[in-house]
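Enquirer: Can you read through this structure? Questions will come right after.
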Amino acid sequence: MPAPTTTLLIEGTFEELVDELATYIDNLKKAHGDEESNIQAECTSLLAENKKDDVLKKLVTGSATLNEAPEKEFIAAYNLLVHLIRQSPNLNMFLPRVCQNLTAPVRSSPANGAGLALSILSTVFNTLQPDNDNRYHVFLAILNVVRRSTNFETLRPQLKHLDQWLAAWDMDEEDQRKLYLAIVEVATVAGEEEQAYQYLVRALRTIPSDELSTPESQQLSLRALKSALTHPTHFDFQDLTALDTIQALRNSDPIYFQLLEIFTADLLDDFNDFKDEHDGWIEEQELDADALNRKMRLLTLASIAASTGQTRSLPYAHIAKALQIPSSDVEMWVIDVIRAGLVEGKLSQLTQTFLIHRSTYRVFGENQWREVASRLDMWRNSLVGVLQVIQMEKASFIQMKDAENKEIEAKLNGASGRGGGFSKMTSRREEPELE
């Protein structure tokens with residue numbers, strides 16, 4: 001996979017290396033039934049006329065047959081081809097075709113073909129300068145190979161460099177979107193739903209305001225919305241509602257937008273009303289009704305936990321009513337909402353209450369800011385009270401110490417008065433005698 005820029009070292013003159021590769025391609029073609037292949041002779045004739053780019057065209061055109069090369073010769077053959085085309089000032093003319101060949105199956109090694117192709121593509125990527133926009137096209141080819149192999153782990157470490165690469169390549173929004181969507185497809189095929197969703201949201205952010213109503217924008221927006229609704233661990237929908245492309249669904253797909261608003265801030269009762277109003281719609285859209293019901297219950301529990309105010313406790317009966325479940329299932333749902341990271345707290349079977357330590361606000365608006373201000377005032381008043389207690393204790397301590405010091409001083413003064421003669425006698429003894 002892509003690593004720091006490296007140099008590809010191959011010995012030999014351009015003419016010698018061309019002759020070697022052309023001969024190798026001819027032999028491969030003949031071994032697979034193309035007896036008329038004569039690339040070596042054609043290249044020799046073109047070299048005599050100093051037509052190097054025409055020579056490279058011949059090699060690149062015939063390079064598709066390198067996918068038939070034995071596994072132990074595959075990397076060496078492609079490295080030689082890459083080295084040769086990099087000698088041309090017109091690299092853009094040849095590199096796309098080479099990348100296209102590498103994204104095709106390696107017929108000589110079905111089991112290890114993806115790894116071999118990734119090795120060559122990584123070499124190509126790393127021999128290009130960091131700001132060379134050809135890296136963009138090579139990376140697209142890498143994504144294509146990874147998608148075919150379904151091994152997302154080979155790609156994951158490289159994605160942390162993606163923002164840096166895009167900045168260096170200075171890609172426009174359309175090219176960025178193409179790259180993000182390619183990553184979405186790779187992640188989807190590999191079952192990486194969260195990664196697919198994150199890069200789908202990135203793709204939506206690249207759509208300009210004058211294209212919000214295009215079919216592509218609507219399709220991608222609905223895809224992101226469906227993914228967020230049905231993903232078992234996705235509970236925050238504000239990343240979607242902040243997108244202009246999603247807001248455009250208010251006009252193009254109002255029912256979907258209504259459902260998004262419910263999952264963003266409303267409760268289970270509102271969701272049930274939605275289902276009654278649009279009977280059968282969820283099934284028609286092939287959405288997972290059970291997954292939606294479960295998520296809505298968890299979000300409802302998070303909301304009522306956040307609205308408890310200063311009491312910070314919820315009776316089991318209140319939870320059962322809000323979630324429309326038997327009282328015997330309350331503890332199971334509370335445990336699930338804690339596991340989901342929406343709430344932290346402790347169940348009390350003795351008092352039949354859920355003691356809330358921390359809760360998550362689904363929407364942070366004016367009411368939530370007021371609650372924060374109220375809690376800050378309480379905290380400030382508590383600190384003022386603590387400070388007053390500390391000051392009182394400090395004053396009391398100082399008074400006590402002053403009294404103790406005065407008592408000690410008085411005792412010392414009394415002892416000094418009674419032992420005055422002894423002090424003088426001692427003083428006289430310490431004076432040296434003159435001889």
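Note on naming: chains are A, B, ... as they come in the structure tokens, residues start from 1 per chain, ligands start from 1 in the order shown.
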Might you pull out every residue within 7 Å of range 28-45 of chain A, with only C-alpha atoms counted and same-chain residues fewer than 5 positions away left off, and present them as a list in words?
Expert: Asp19, Ala22, Thr23, Val55, Lys58 and Thr65 of chain A
Enquirer: Please produce a file of the residues just selected, as a tab-separated table (two decimals), in the first residue's frame, where the atoms kept are C-alpha atoms.
Expert:
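This went into selection00.tsv:
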chain	number	residue	atom	x	y	z
A	19	ASP	CA	13.93	-4.89	-26.20
A	22	ALA	CA	8.94	-6.35	-25.86
A	23	THR	CA	10.46	-9.81	-26.28
A	55	VAL	CA	7.51	2.70	-28.58
A	58	LYS	CA	3.23	-0.32	-28.30
A	65	THR	CA	-1.01	-9.78	-21.52
Enquirer: Please tabulate, as a tab-separated table, the residues of range 44-87 of chain A that come within 10 Å of range 126-145 of chain A, each with its closest pair of atoms and the distance in Å to one decimal, counting only C-alpha atoms and ordering rows by chain, then residue number upward.
Expert:
residue	atom	partner	partner_atom	distance
A:Val82	CA	A:Thr127	CA	9.5
A:His83	CA	A:Thr127	CA	9.5
A:Arg86	CA	A:Thr127	CA	9.2
Enquirer: Using only C-alpha atoms, find the one residue out of A:Lys394, A:Arg205, A:Arg339, A:Lys411 that sits nearest to Glu174 in chain A.
Expert: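 Going through A:Lys394, A:Arg205, A:Arg339, A:Lys411 one by one, the smallest distance to Glu174 in chain A is for A:Arg205.
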Enquirer: Out of A:Arg156, A:Leu56, A:Met296, A:Glu192, which residue has the shortest atom-to-atom distance to Arg97 in chain A when counting only C-alpha atoms?
Expert: A:Leu56
Enquirer: For range 302-307 of chain A, list every protein, DNA or RNA residue within 9 Å, evaluated using only C-alpha atoms, and leave out those in the same chain fewer than 2 positions away; present the list as an NGL selection string.
Expert: :A and (265-267 or 297-300 or 309 or 312-314 or 319 or 322 or 337 or 342-343 or 354 or 356 or 358-362)
Enquirer: Would you return as a list in words the members of range 295-329 of chain A that DSSP assigns to alpha helix (DSSP H) on this structure's backbone?
Expert: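 Matching residues for alpha helix (DSSP H) in range 295-329 of chain A are Lys295, Met296, Arg297, Leu298, Leu299, Thr300, Leu301, Ala302, Ser303, Ile304, Ala305, Ala306, Tyr316, Ala317, His318, Ile319, Ala320, Lys321, Ala322 and Leu323 of chain A.
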Enquirer: Take the residues from that selection and write them out as a compact mmCIF listing (two decimals), in the first residue's frame, keeping all heavy atoms.
Expert:
# COMPACT_ATOMS: atom_id res chain seq x y z
N LYS A 295 -34.30 1.29 17.86
CA LYS A 295 -33.54 2.53 17.97
C LYS A 295 -34.39 3.65 18.55
O LYS A 295 -33.93 4.45 19.37
CB LYS A 295 -32.99 2.94 16.60
CG LYS A 295 -32.18 4.23 16.63
CD LYS A 295 -31.56 4.55 15.28
CE LYS A 295 -30.39 3.65 15.01
NZ LYS A 295 -29.60 4.11 13.84
N MET A 296 -35.66 3.71 18.15
CA MET A 296 -36.53 4.76 18.66
C MET A 296 -36.76 4.62 20.15
O MET A 296 -36.85 5.62 20.87
CB MET A 296 -37.87 4.71 17.90
CG MET A 296 -38.70 5.97 18.03
SD MET A 296 -37.91 7.39 17.20
CE MET A 296 -37.67 8.49 18.58
N ARG A 297 -36.85 3.40 20.64
CA ARG A 297 -37.02 3.19 22.09
C ARG A 297 -35.77 3.65 22.85
O ARG A 297 -35.86 4.29 23.90
CB ARG A 297 -37.32 1.72 22.38
CG ARG A 297 -38.76 1.32 22.10
CD ARG A 297 -39.10 -0.06 22.67
NE ARG A 297 -40.53 -0.28 22.66
CZ ARG A 297 -41.20 -0.86 21.68
NH1 ARG A 297 -40.54 -1.28 20.60
NH2 ARG A 297 -42.52 -1.02 21.75
N LEU A 298 -34.59 3.32 22.31
CA LEU A 298 -33.36 3.75 22.96
C LEU A 298 -33.24 5.27 22.97
O LEU A 298 -32.85 5.87 23.99
CB LEU A 298 -32.15 3.13 22.25
CG LEU A 298 -32.00 1.61 22.33
CD1 LEU A 298 -30.83 1.14 21.48
CD2 LEU A 298 -31.84 1.15 23.77
N LEU A 299 -33.60 5.90 21.86
CA LEU A 299 -33.54 7.36 21.79
C LEU A 299 -34.56 7.99 22.72
O LEU A 299 -34.30 9.03 23.35
CB LEU A 299 -33.78 7.81 20.35
CG LEU A 299 -32.66 7.48 19.36
CD1 LEU A 299 -33.10 7.78 17.93
CD2 LEU A 299 -31.39 8.26 19.70
N THR A 300 -35.73 7.38 22.84
CA THR A 300 -36.76 7.89 23.75
C THR A 300 -36.28 7.83 25.19
O THR A 300 -36.44 8.78 25.96
CB THR A 300 -38.06 7.09 23.59
OG1 THR A 300 -38.55 7.26 22.25
CG2 THR A 300 -39.12 7.56 24.58
N LEU A 301 -35.67 6.71 25.56
CA LEU A 301 -35.14 6.57 26.92
C LEU A 301 -34.05 7.60 27.18
O LEU A 301 -33.97 8.18 28.28
CB LEU A 301 -34.61 5.15 27.12
CG LEU A 301 -34.08 4.81 28.52
CD1 LEU A 301 -35.04 5.24 29.62
CD2 LEU A 301 -33.80 3.31 28.62
N ALA A 302 -33.19 7.85 26.19
CA ALA A 302 -32.15 8.88 26.34
C ALA A 302 -32.78 10.25 26.55
O ALA A 302 -32.30 11.05 27.37
CB ALA A 302 -31.25 8.89 25.11
N SER A 303 -33.85 10.54 25.83
CA SER A 303 -34.51 11.85 25.94
C SER A 303 -35.15 12.05 27.31
O SER A 303 -35.00 13.11 27.92
CB SER A 303 -35.56 12.02 24.84
OG SER A 303 -34.95 12.16 23.58
N ILE A 304 -35.88 11.06 27.79
CA ILE A 304 -36.54 11.24 29.09
C ILE A 304 -35.52 11.25 30.22
O ILE A 304 -35.73 11.90 31.26
CB ILE A 304 -37.63 10.16 29.33
CG1 ILE A 304 -37.03 8.75 29.37
CG2 ILE A 304 -38.72 10.27 28.28
CD1 ILE A 304 -38.06 7.68 29.72
N ALA A 305 -34.38 10.57 30.03
CA ALA A 305 -33.31 10.63 31.03
C ALA A 305 -32.70 12.02 31.09
O ALA A 305 -32.38 12.53 32.17
CB ALA A 305 -32.24 9.59 30.72
N ALA A 306 -32.56 12.66 29.91
CA ALA A 306 -31.97 14.00 29.87
C ALA A 306 -32.93 15.06 30.40
O ALA A 306 -32.50 16.16 30.77
CB ALA A 306 -31.57 14.33 28.43
N TYR A 316 -39.33 3.23 37.30
CA TYR A 316 -39.53 2.17 36.32
C TYR A 316 -40.85 2.35 35.57
O TYR A 316 -40.93 2.10 34.36
CB TYR A 316 -39.53 0.80 37.01
CG TYR A 316 -38.16 0.25 37.36
CD1 TYR A 316 -37.04 1.07 37.40
CD2 TYR A 316 -38.00 -1.10 37.64
CE1 TYR A 316 -35.80 0.57 37.73
CE2 TYR A 316 -36.76 -1.64 37.96
CZ TYR A 316 -35.66 -0.78 38.01
OH TYR A 316 -34.42 -1.30 38.32
N ALA A 317 -41.87 2.78 36.29
CA ALA A 317 -43.20 2.93 35.68
C ALA A 317 -43.17 3.98 34.57
O ALA A 317 -43.82 3.82 33.52
CB ALA A 317 -44.22 3.31 36.75
N HIS A 318 -42.42 5.05 34.80
CA HIS A 318 -42.30 6.11 33.79
C HIS A 318 -41.60 5.58 32.54
O HIS A 318 -42.02 5.85 31.40
CB HIS A 318 -41.52 7.29 34.38
CG HIS A 318 -41.50 8.49 33.50
ND1 HIS A 318 -40.93 9.69 33.87
CD2 HIS A 318 -41.97 8.69 32.24
CE1 HIS A 318 -41.04 10.56 32.89
NE2 HIS A 318 -41.68 9.97 31.88
N ILE A 319 -40.55 4.81 32.73
CA ILE A 319 -39.81 4.23 31.60
C ILE A 319 -40.70 3.27 30.82
O ILE A 319 -40.74 3.30 29.58
CB ILE A 319 -38.55 3.51 32.10
CG1 ILE A 319 -37.60 4.51 32.76
CG2 ILE A 319 -37.84 2.79 30.95
CD1 ILE A 319 -36.38 3.88 33.41
N ALA A 320 -41.42 2.40 31.55
CA ALA A 320 -42.28 1.42 30.89
C ALA A 320 -43.35 2.10 30.05
O ALA A 320 -43.66 1.66 28.93
CB ALA A 320 -42.93 0.52 31.94
N LYS A 321 -43.90 3.19 30.55
CA LYS A 321 -44.95 3.91 29.82
C LYS A 321 -44.38 4.58 28.58
O LYS A 321 -44.97 4.51 27.50
CB LYS A 321 -45.59 4.94 30.73
CG LYS A 321 -46.70 5.72 30.06
CD LYS A 321 -47.34 6.73 31.02
CE LYS A 321 -48.44 7.53 30.33
NZ LYS A 321 -49.05 8.53 31.24
N ALA A 322 -43.22 5.23 28.72
CA ALA A 322 -42.63 5.95 27.59
C ALA A 322 -42.19 5.01 26.49
O ALA A 322 -42.32 5.32 25.30
CB ALA A 322 -41.44 6.79 28.07
N LEU A 323 -41.68 3.83 26.86
CA LEU A 323 -41.18 2.87 25.88
C LEU A 323 -42.25 1.87 25.45
O LEU A 323 -42.01 1.06 24.55
CB LEU A 323 -39.98 2.12 26.44
CG LEU A 323 -38.60 2.76 26.20
CD1 LEU A 323 -38.51 4.15 26.79
CD2 LEU A 323 -37.49 1.88 26.77
Enquirer: With distances taken over only C-alpha atoms, which of A:Thr264, A:Gly115, A:Tyr256, A:Tyr24 is nearest to Thr241 in chain A?
Expert: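 The answer is A:Thr264, which sits nearest to Thr241 in chain A.
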Enquirer: Can you tell me how far CA of Asp210 in chain A sits from CA of Asp239 in chain A, in Å to one decimal?
Expert: 20.8 Å
Enquirer: One number please: CA of Glu194 in chain A to CA of Val146 in chain A, in Å, one decimal.
Expert: 17.4 Å
Enquirer: CA of Asn79 in chain A and CA of Pro110 in chain A are how many Å apart?
Expert: 19.9 Å
Enquirer: Which one of A:Thr353, A:Gln238, A:Ser109, A:Thr245 sits closest to Phe263 in chain A if you count only C-alpha atoms?
Expert: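 Once distances to Phe263 in chain A are computed over only C-alpha atoms, the minimum belongs to A:Gln238.
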